[in-house]
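Visitor: Input file: upload36.cif. Contents: mmCIF, C-alpha atoms.
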data_upload
loop_
_atom_site.label_atom_id
_atom_site.label_comp_id
_atom_site.auth_asym_id
_atom_site.auth_seq_id
_atom_site.Cartn_x
_atom_site.Cartn_y
_atom_site.Cartn_z
CA MET D 13 -81.39 128.87 -108.31
CA THR D 14 -78.55 131.05 -107.13
CA THR D 15 -76.92 130.67 -103.79
CA ILE D 16 -75.13 133.64 -102.42
CA VAL D 17 -72.46 132.47 -100.06
CA ASN D 18 -69.30 134.16 -101.14
CA SER D 19 -70.90 137.19 -102.68
CA ALA D 20 -69.04 140.48 -102.90
CA LYS D 21 -72.33 142.31 -102.34
CA PRO D 22 -72.74 144.13 -99.04
CA TYR D 23 -75.12 142.51 -96.60
CA SER D 24 -77.54 145.42 -96.81
CA GLU D 25 -78.03 144.70 -100.49
CA LEU D 26 -78.29 141.00 -99.81
CA THR D 27 -81.11 141.41 -97.33
CA GLN D 28 -83.13 143.40 -99.86
CA SER D 29 -82.58 141.19 -102.85
CA SER D 30 -82.85 137.72 -101.36
CA ASP D 31 -85.52 135.73 -99.66
CA GLU D 32 -85.17 135.40 -95.93
CA SER D 33 -83.92 131.81 -95.80
CA THR D 34 -81.07 132.66 -98.21
CA VAL D 35 -80.07 135.53 -95.93
CA TYR D 36 -80.08 133.21 -92.91
CA GLN D 37 -78.03 130.65 -94.84
CA THR D 38 -75.49 133.33 -95.75
CA PHE D 39 -75.03 134.40 -92.14
CA LEU D 40 -74.87 130.78 -91.00
CA ALA D 41 -72.17 129.97 -93.56
CA ARG D 42 -69.84 132.52 -91.96
CA ILE D 43 -69.82 130.88 -88.54
CA PRO D 44 -67.14 128.17 -88.24
CA TYR D 45 -68.87 126.51 -85.29
CA ALA D 46 -72.22 126.43 -87.11
CA ARG D 47 -70.50 124.67 -90.02
CA HIS D 48 -68.89 122.24 -87.58
CA LEU D 49 -72.29 121.34 -86.14
CA GLY D 50 -73.73 121.07 -89.66
CA LEU D 51 -76.54 123.57 -89.04
CA ASP D 52 -78.73 124.24 -92.05
CA ILE D 53 -82.00 125.91 -93.03
CA PRO D 54 -84.43 123.40 -94.54
CA LYS D 55 -87.20 124.82 -96.71
CA ASP D 56 -90.18 125.24 -94.43
CA PRO D 57 -93.38 126.99 -95.46
CA ALA D 58 -94.10 127.89 -91.83
CA GLY D 59 -91.12 130.22 -91.61
CA ILE D 60 -87.41 130.18 -90.93
CA VAL D 61 -86.26 127.05 -89.12
CA VAL D 62 -82.68 126.17 -88.25
CA ARG D 63 -81.96 122.46 -88.17
CA LEU D 64 -79.35 120.65 -86.09
CA PRO D 65 -78.84 117.31 -87.84
CA PHE D 66 -78.28 114.47 -85.41
CA HIS D 67 -74.91 112.76 -85.27
CA GLU D 68 -73.30 110.55 -82.65
CA ALA D 69 -70.81 113.19 -81.46
CA LEU D 70 -73.69 115.29 -80.08
CA ILE D 71 -74.66 112.75 -77.44
CA GLY D 72 -74.09 114.03 -73.91
CA ASN D 73 -75.62 111.11 -72.03
CA PHE D 74 -75.01 107.68 -73.52
CA MET D 75 -77.29 105.93 -71.05
CA LEU D 76 -80.51 107.69 -72.08
CA PRO D 77 -79.29 108.57 -74.84
CA ALA D 78 -79.76 112.33 -74.88
CA LEU D 79 -78.20 115.24 -76.71
CA HIS D 80 -75.64 117.30 -74.84
CA GLY D 81 -77.24 120.39 -73.28
CA GLY D 82 -74.39 122.52 -74.54
CA VAL D 83 -75.16 121.67 -78.16
CA LEU D 84 -78.75 122.85 -77.69
CA GLY D 85 -77.35 126.04 -76.17
CA ALA D 86 -75.27 126.48 -79.30
CA LEU D 87 -78.29 125.92 -81.55
CA ILE D 88 -80.22 128.56 -79.60
CA GLU D 89 -77.42 131.12 -79.55
CA ILE D 90 -76.59 130.76 -83.22
CA THR D 91 -80.26 130.89 -84.25
CA ALA D 92 -80.71 134.04 -82.16
CA ARG D 93 -77.61 135.60 -83.68
CA ILE D 94 -78.59 135.11 -87.30
CA ALA D 95 -82.20 136.12 -86.58
CA ALA D 96 -81.07 139.40 -84.98
CA GLN D 97 -78.58 140.01 -87.78
CA SER D 98 -81.14 139.47 -90.53
CA GLU D 99 -83.57 141.77 -88.72
CA ASP D 100 -81.01 144.58 -88.56
CA GLY D 101 -81.31 147.19 -91.30
CA LYS D 102 -77.57 147.18 -91.95
CA ALA D 103 -77.20 143.44 -91.25
CA ARG D 104 -74.58 144.18 -88.62
CA CYS D 105 -73.10 141.16 -86.88
CA PRO D 106 -74.18 141.26 -83.22
CA ARG D 107 -72.24 140.14 -80.14
CA ILE D 108 -73.99 137.79 -77.76
CA LEU D 109 -74.26 139.44 -74.34
CA ASP D 110 -76.05 136.76 -72.40
CA SER D 111 -78.25 133.76 -72.85
CA ASN D 112 -80.73 132.18 -70.53
CA ILE D 113 -81.75 128.67 -71.49
CA ASN D 114 -84.38 126.40 -69.98
CA TYR D 115 -84.45 122.68 -70.60
CA LEU D 116 -88.02 121.39 -70.72
CA ARG D 117 -87.76 117.85 -71.99
CA SER D 118 -85.02 115.36 -72.67
CA ALA D 119 -83.50 115.83 -76.13
CA GLN D 120 -83.52 112.50 -77.92
CA ALA D 121 -81.00 111.23 -80.43
CA LYS D 122 -82.62 112.77 -83.50
CA HIS D 123 -82.77 115.96 -85.57
CA THR D 124 -83.57 119.13 -83.65
CA PHE D 125 -85.20 122.29 -85.01
CA ALA D 126 -85.13 125.88 -83.78
CA SER D 127 -87.12 128.97 -84.62
CA ALA D 128 -86.58 132.52 -83.41
CA GLU D 129 -88.95 135.25 -82.36
CA ILE D 130 -87.59 138.76 -82.05
CA ILE D 131 -88.99 140.20 -78.82
CA ARG D 132 -87.37 143.57 -79.28
CA GLN D 133 -85.08 144.87 -81.99
CA GLY D 134 -83.40 148.11 -80.97
CA ARG D 135 -80.67 150.22 -82.45
CA ARG D 136 -78.07 148.85 -80.04
CA THR D 137 -79.53 145.67 -78.63
CA SER D 138 -81.80 142.86 -79.62
CA LEU D 139 -83.70 140.38 -77.47
CA VAL D 140 -84.54 137.09 -79.17
CA GLN D 141 -86.59 134.16 -77.94
CA VAL D 142 -85.71 130.79 -79.47
CA THR D 143 -87.72 127.58 -79.23
CA CYS D 144 -86.30 124.12 -80.02
CA TRP D 145 -88.29 121.01 -80.77
CA GLN D 146 -87.85 117.56 -82.27
CA ASP D 147 -91.18 115.94 -83.12
CA GLU D 148 -93.75 118.67 -82.84
CA LYS D 149 -93.27 122.38 -82.43
CA SER D 150 -96.03 122.34 -79.79
CA ARG D 151 -93.79 120.17 -77.58
CA PRO D 152 -90.66 122.28 -77.18
CA ILE D 153 -87.63 120.57 -75.63
CA THR D 154 -85.68 123.76 -74.91
CA THR D 155 -86.37 127.49 -74.91
CA GLY D 156 -83.90 130.30 -74.58
CA ARG D 157 -83.71 134.06 -74.46
CA VAL D 158 -80.62 135.69 -75.90
CA GLN D 159 -79.58 139.32 -75.55
CA LEU D 160 -77.37 140.69 -78.31
CA LEU D 161 -75.42 143.89 -78.81
CA PHE D 162 -74.79 145.64 -82.11
CA ALA D 163 -71.57 147.57 -82.57
CA THR D 164 -72.47 151.22 -83.09
CA THR D 165 -69.59 151.54 -85.54
CA ASP D 166 -68.91 149.06 -88.31
CA ILE D 167 -66.17 146.73 -87.11
CA ASN D 168 -65.10 146.04 -90.70
CA SER D 169 -64.39 149.66 -91.53
CA MET J 19 -62.22 119.14 -73.18
CA ARG J 20 -60.16 117.67 -70.37
CA VAL J 21 -60.85 117.40 -66.68
CA VAL J 22 -58.21 119.38 -64.80
CA ARG J 23 -59.38 118.83 -61.25
CA VAL J 24 -62.38 117.63 -59.28
CA GLU J 25 -62.15 118.43 -55.60
CA GLY J 26 -64.63 119.25 -52.85
CA ASN J 27 -67.51 121.14 -54.40
CA GLN J 28 -65.48 122.26 -57.41
CA ALA J 29 -64.77 120.94 -60.89
CA ILE J 30 -62.30 122.44 -63.36
CA ILE J 31 -62.32 121.63 -67.06
CA GLY J 32 -59.82 122.88 -69.63
CA LEU J 33 -60.23 123.45 -73.35
CA SER J 34 -57.73 124.28 -76.07
CA PRO J 35 -59.43 126.29 -78.82
CA GLN J 36 -59.49 125.01 -82.42
CA PRO J 37 -60.36 127.01 -85.54
CA TRP J 38 -63.75 125.30 -85.89
CA MET J 39 -64.75 126.84 -82.56
CA PHE J 40 -64.49 130.41 -83.85
CA ALA J 41 -67.46 132.75 -83.98
CA ASP J 42 -66.84 134.19 -87.44
CA ASP J 43 -64.61 133.69 -90.47
CA ASP J 44 -63.26 137.21 -89.99
CA CYS J 45 -62.06 136.97 -86.40
CA GLU J 46 -60.30 134.55 -84.13
CA GLU J 47 -62.72 134.87 -81.29
CA ILE J 48 -64.18 131.77 -79.68
CA CYS J 49 -67.90 131.30 -80.29
CA THR J 50 -69.92 131.98 -77.11
CA SER J 51 -71.67 128.66 -77.66
CA ILE J 52 -68.35 126.89 -76.99
CA LEU J 53 -68.12 128.70 -73.67
CA TYR J 54 -71.71 127.68 -73.02
CA SER J 55 -70.98 123.99 -73.65
CA LEU J 56 -67.85 124.15 -71.54
CA ALA J 57 -69.80 125.72 -68.65
CA ASP J 58 -72.60 123.15 -68.97
CA SER J 59 -70.09 120.30 -68.73
CA ALA J 60 -68.16 121.84 -65.84
CA CYS J 61 -71.37 122.60 -63.91
CA GLY J 62 -72.56 119.02 -64.33
CA LEU J 63 -69.23 117.71 -63.09
CA ALA J 64 -69.42 120.03 -60.05
CA VAL J 65 -72.76 118.42 -59.12
CA PHE J 66 -71.06 115.01 -59.13
CA ALA J 67 -68.12 116.43 -57.17
CA GLU J 68 -70.32 117.77 -54.40
CA ALA J 69 -72.75 114.83 -54.38
CA GLN J 70 -69.95 112.24 -54.43
CA GLU J 71 -72.06 109.96 -56.58
CA LEU J 72 -72.71 109.48 -60.28
CA THR J 73 -76.50 109.29 -60.37
CA PRO J 74 -77.87 110.88 -63.53
CA ILE J 75 -78.56 114.62 -63.61
CA ALA J 76 -80.21 116.96 -66.08
CA THR J 77 -79.69 120.65 -66.74
CA LEU J 78 -82.84 122.56 -65.78
CA ASP J 79 -81.54 125.94 -66.80
CA LEU J 80 -78.25 127.67 -67.47
CA ARG J 81 -77.67 131.36 -67.76
CA MET J 82 -74.45 132.76 -69.17
CA ASP J 83 -73.06 136.30 -69.23
CA TYR J 84 -70.38 136.86 -71.84
CA LEU J 85 -68.29 139.58 -70.25
CA ARG J 86 -65.56 139.92 -72.87
CA PRO J 87 -64.36 138.22 -76.04
CA ALA J 88 -62.40 134.98 -75.56
CA ALA J 89 -59.26 134.99 -77.71
CA GLY J 90 -58.90 132.01 -80.04
CA ASP J 91 -55.23 131.46 -79.24
CA ARG J 92 -55.56 131.02 -75.48
CA ASP J 93 -56.60 127.98 -73.49
CA LEU J 94 -59.79 128.18 -71.47
CA LEU J 95 -60.55 126.95 -67.98
CA ALA J 96 -64.06 126.51 -66.65
CA VAL J 97 -64.23 126.59 -62.86
CA ALA J 98 -67.59 125.36 -61.60
CA THR J 99 -68.58 125.51 -57.94
CA CYS J 100 -71.60 123.86 -56.38
CA LEU J 101 -73.27 126.53 -54.22
CA HIS J 102 -75.97 124.37 -52.72
CA LEU J 103 -77.12 120.81 -53.05
CA THR J 104 -80.44 119.30 -52.04
CA GLU J 105 -81.84 115.82 -52.67
CA GLU J 106 -83.41 117.04 -55.89
CA ILE J 107 -81.61 120.19 -57.02
CA ALA J 108 -78.07 121.54 -57.36
CA PHE J 109 -77.19 125.22 -57.80
CA ILE J 110 -73.92 125.83 -59.58
CA HIS J 111 -71.83 128.88 -60.43
CA CYS J 112 -69.21 128.80 -63.17
CA ASP J 113 -66.44 131.18 -64.21
CA ILE J 114 -64.67 130.81 -67.53
CA LEU J 115 -61.11 132.03 -67.57
CA SER J 116 -58.91 132.73 -70.56
CA ASN J 117 -55.24 131.91 -69.99
CA GLY J 118 -53.41 135.13 -69.11
CA ASP J 119 -56.47 137.16 -68.08
CA SER J 120 -57.12 137.81 -64.41
CA GLN J 121 -60.84 138.40 -64.90
CA PRO J 122 -63.25 135.79 -66.28
CA VAL J 123 -64.36 136.06 -69.93
CA ALA J 124 -67.76 134.65 -68.98
CA THR J 125 -69.75 133.66 -65.94
CA GLY J 126 -72.73 131.38 -65.67
CA SER J 127 -75.17 129.97 -63.20
CA GLY J 128 -77.07 126.78 -63.62
CA THR J 129 -79.69 124.68 -61.89
CA PHE J 130 -79.59 120.91 -62.21
CA VAL J 131 -82.15 118.27 -61.30
CA ARG J 132 -80.64 115.26 -59.59
CA ASN J 133 -81.53 111.60 -59.91
CA THR J 134 -83.37 111.97 -63.20
CA ASP J 135 -84.43 108.50 -64.29
CA GLY J 136 -81.87 107.41 -61.74
CA GLN J 137 -84.02 105.01 -59.76
CA ARG J 138 -84.99 103.25 -62.94
CA PHE J 139 -81.36 102.93 -63.89
CA GLN J 140 -80.25 101.65 -60.54
CA ALA J 141 -83.15 99.23 -60.28
CA ALA J 142 -82.27 97.89 -63.70
CA ALA J 143 -78.64 97.58 -62.76
CA GLY J 144 -79.55 96.04 -59.42
CA GLU J 145 -77.37 98.48 -57.47
CA LYS J 146 -77.83 99.81 -53.96
#
Let's see the structure in the file written out as structure tokens.
Guide:
Amino acid sequence: MTTIVNSAKPYSELTQSSDESTVYQTFLARIPYARHLGLDIPKDPAGIVVRLPFHEALIGNFMLPALHGGVLGALIEITARIAAQSEDGKARCPRILDSNINYLRSAQAKHTFASAEIIRQGRRTSLVQVTCWQDEKSRPITTGRVQLLFATTDINS
Amino acid sequence: MRVVRVEGNQAIIGLSPQPWMFADDDCEEICTSILYSLADSACGLAVFAEAQELTPIATLDLRMDYLRPAAGDRDLLAVATCLHLTEEIAFIHCDILSNGDSQPVATGSGTFVRNTDGQRFQAAAGEK
């Protein structure tokens, strides 16, 4: 198995030659805050899932205990970002314009999963819906919609 | 994160950026998710400020607009104001300011539910 993390290949080539979860992992590996949270992409036959492993520092309410709402916001935004980036033909890195997050159930002190659905992928913008769950995907704890903007010129050039 | 001030219907929280908060290995821009967390915390504190009590609350929704990039070498301030408070709900607005900029780098608005599981708590603790 080859992992492409520090590859010299351009992203466009990467997206063609690798399976989708490797592409996600590559984008995730470039985000310092995603590394700090320990986000990863477990193998899941049902599709791409981003996992937020539980650790004590993520607790926002010690009485319940419940995860901090901000950490779930981060999981949603980062999942949306890498989903939009992997959907883009040139794998451009998008900017997050806005995010709108609804909290449906209390997030317990355990692993949390997120999956993304691209609602619209345009040339300049992308709208991504992300759902987070802990036990069953059919019982989401948080959903969010994130609007992203792609630079029309390559920022690296 | 540090609490700068809690007064009236307003709460102000400060944050000094660290490299692990950056959005990408190639740039020193703060990840929007950090601004999101900061806003969530400040908004929650503003509910307590206005309500003058520490009964548990839960975020119902939070919407953020990221107006401009937040530089990784400048401290951030989140200024959250409670717009309206009812027995059950609090409406909060939050601006995030980057030190040296006159305009906010991000704005947000959140809705919080008050007294979530609170009665249970208080009954258990035998308060009030």
Visitor: Just give me the gap between CA of Thr129 (chain J) and CA of His67 (chain D) in Å, one decimal is fine.
Guide: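 Those two atoms sit 26.7 Å apart.
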Visitor: Residue by residue, what does the PyMOL selection byres ((chain D) within 6 of (chain J)) grab here? Present the result as a ChimeraX atom specification.
Guide: /D:42-45,82,86,109-115
Visitor: Please, could you write that set of residues out with C-alpha atoms as a tab-separated table (two decimals), in the frame of the given file?
Guide:
chain	number	residue	atom	x	y	z
D	42	ARG	CA	-69.84	132.52	-91.96
D	43	ILE	CA	-69.82	130.88	-88.54
D	44	PRO	CA	-67.14	128.17	-88.24
D	45	TYR	CA	-68.87	126.51	-85.29
D	82	GLY	CA	-74.39	122.52	-74.54
D	86	ALA	CA	-75.27	126.48	-79.30
D	109	LEU	CA	-74.26	139.44	-74.34
D	110	ASP	CA	-76.05	136.76	-72.40
D	111	SER	CA	-78.25	133.76	-72.85
D	112	ASN	CA	-80.73	132.18	-70.53
D	113	ILE	CA	-81.75	128.67	-71.49
D	114	ASN	CA	-84.38	126.40	-69.98
D	115	TYR	CA	-84.45	122.68	-70.60
Visitor: What's around Phe125 (chain D) at 6 Å? Count all atoms listed in the file, leave out sequence neighbours fewer than 3 positions away in its own chain, and write the answer as a PyMOL selection string.
Guide: chain D and resi 62-63+144-145
Visitor: Taking the file as shown, find all residues satisfying the PyMOL selection byres ((chain D and resi 105) around 12) and write them as an MDAnalysis selection string.
Guide: (chainID D and resid 23:24 39:40 42:43 90 92:104 106:108 136:138 160:168) or (chainID J and resid 41:45)
Visitor: Check which residues satisfy the PyMOL selection byres ((chain J and resi 94-96) around 9) in the file shown, then give them as a ChimeraX atom specification.
Guide: /J:22,29-35,53,56-57,59-61,88,92-93,97-98,112-117
Visitor: How many Å separate CA of Val142 (chain D) from CA of Pro57 (chain D)?
Guide: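 Between CA of Val142 (chain D) and CA of Pro57 (chain D) the gap is 18.1 Å.
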Visitor: Separation of CA of Arg117 (chain D) and CA of Thr154 (chain D), in Å?
Guide: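 Atom-to-atom, CA of Arg117 (chain D) and CA of Thr154 (chain D) are spaced 6.9 Å apart.
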Visitor: Counting all atoms listed in the file, which residue out of J:Val65, J:Thr134, J:Phe109, J:Thr99 sits closest to Ser118 (chain D)?
Guide: J:Thr134
Visitor: With all atoms listed in the file counted, which protein, DNA or RNA residues have an atom no more than 8 Å from (-82.5, 116.0, -54.3) in the file frame? Please answer as JSON, numbers by chain.
Guide: {"J": [103, 104, 105, 106, 107, 108, 131, 132, 133]}
Visitor: What's the 8 Å shell around Leu64 (chain D), counting only C-alpha atoms, without same-chain residues fewer than 6 positions away, as a list in words?
Guide: Leu49, Gly50, Leu51, Asp52, Leu87, His123, Thr124 and Phe125 of chain D
Visitor: Just want the 8 Å neighbourhood of Val24 (chain J), counted on all atoms listed in the file, with same-chain residues fewer than 3 positions away dropped. Output as a VMD selection string.
Guide: chain J and resid 21 27 to 30 63 to 64 67
Visitor: Near Phe66 (chain D), within 9 Å and counting all atoms listed in the file, which residues show up once chain neighbours fewer than 4 positions away are dropped, as a list in words?
Guide: Leu70, Ile71, Leu79, Ala121, Lys122, His123 and Thr124 of chain D
Visitor: Edge lengths and centre, in Å to one decimal, as lines of an AutoDock Vina configuration file: that's what I need for the box along x, y and z that holds all listed atoms of region 74-80 of chain J plus 4 Å on each side.
Guide:
center_x = -80.4
center_y = 119.3
center_z = -65.5
size_x = 13.0
size_y = 24.8
size_z = 11.9
Visitor: My list of candidates is J:Pro122, J:Glu46, J:Glu25, J:Glu68. Which is closest to Cys100 (chain J) when distances are computed with all atoms listed in the file?
Guide: J:Glu68
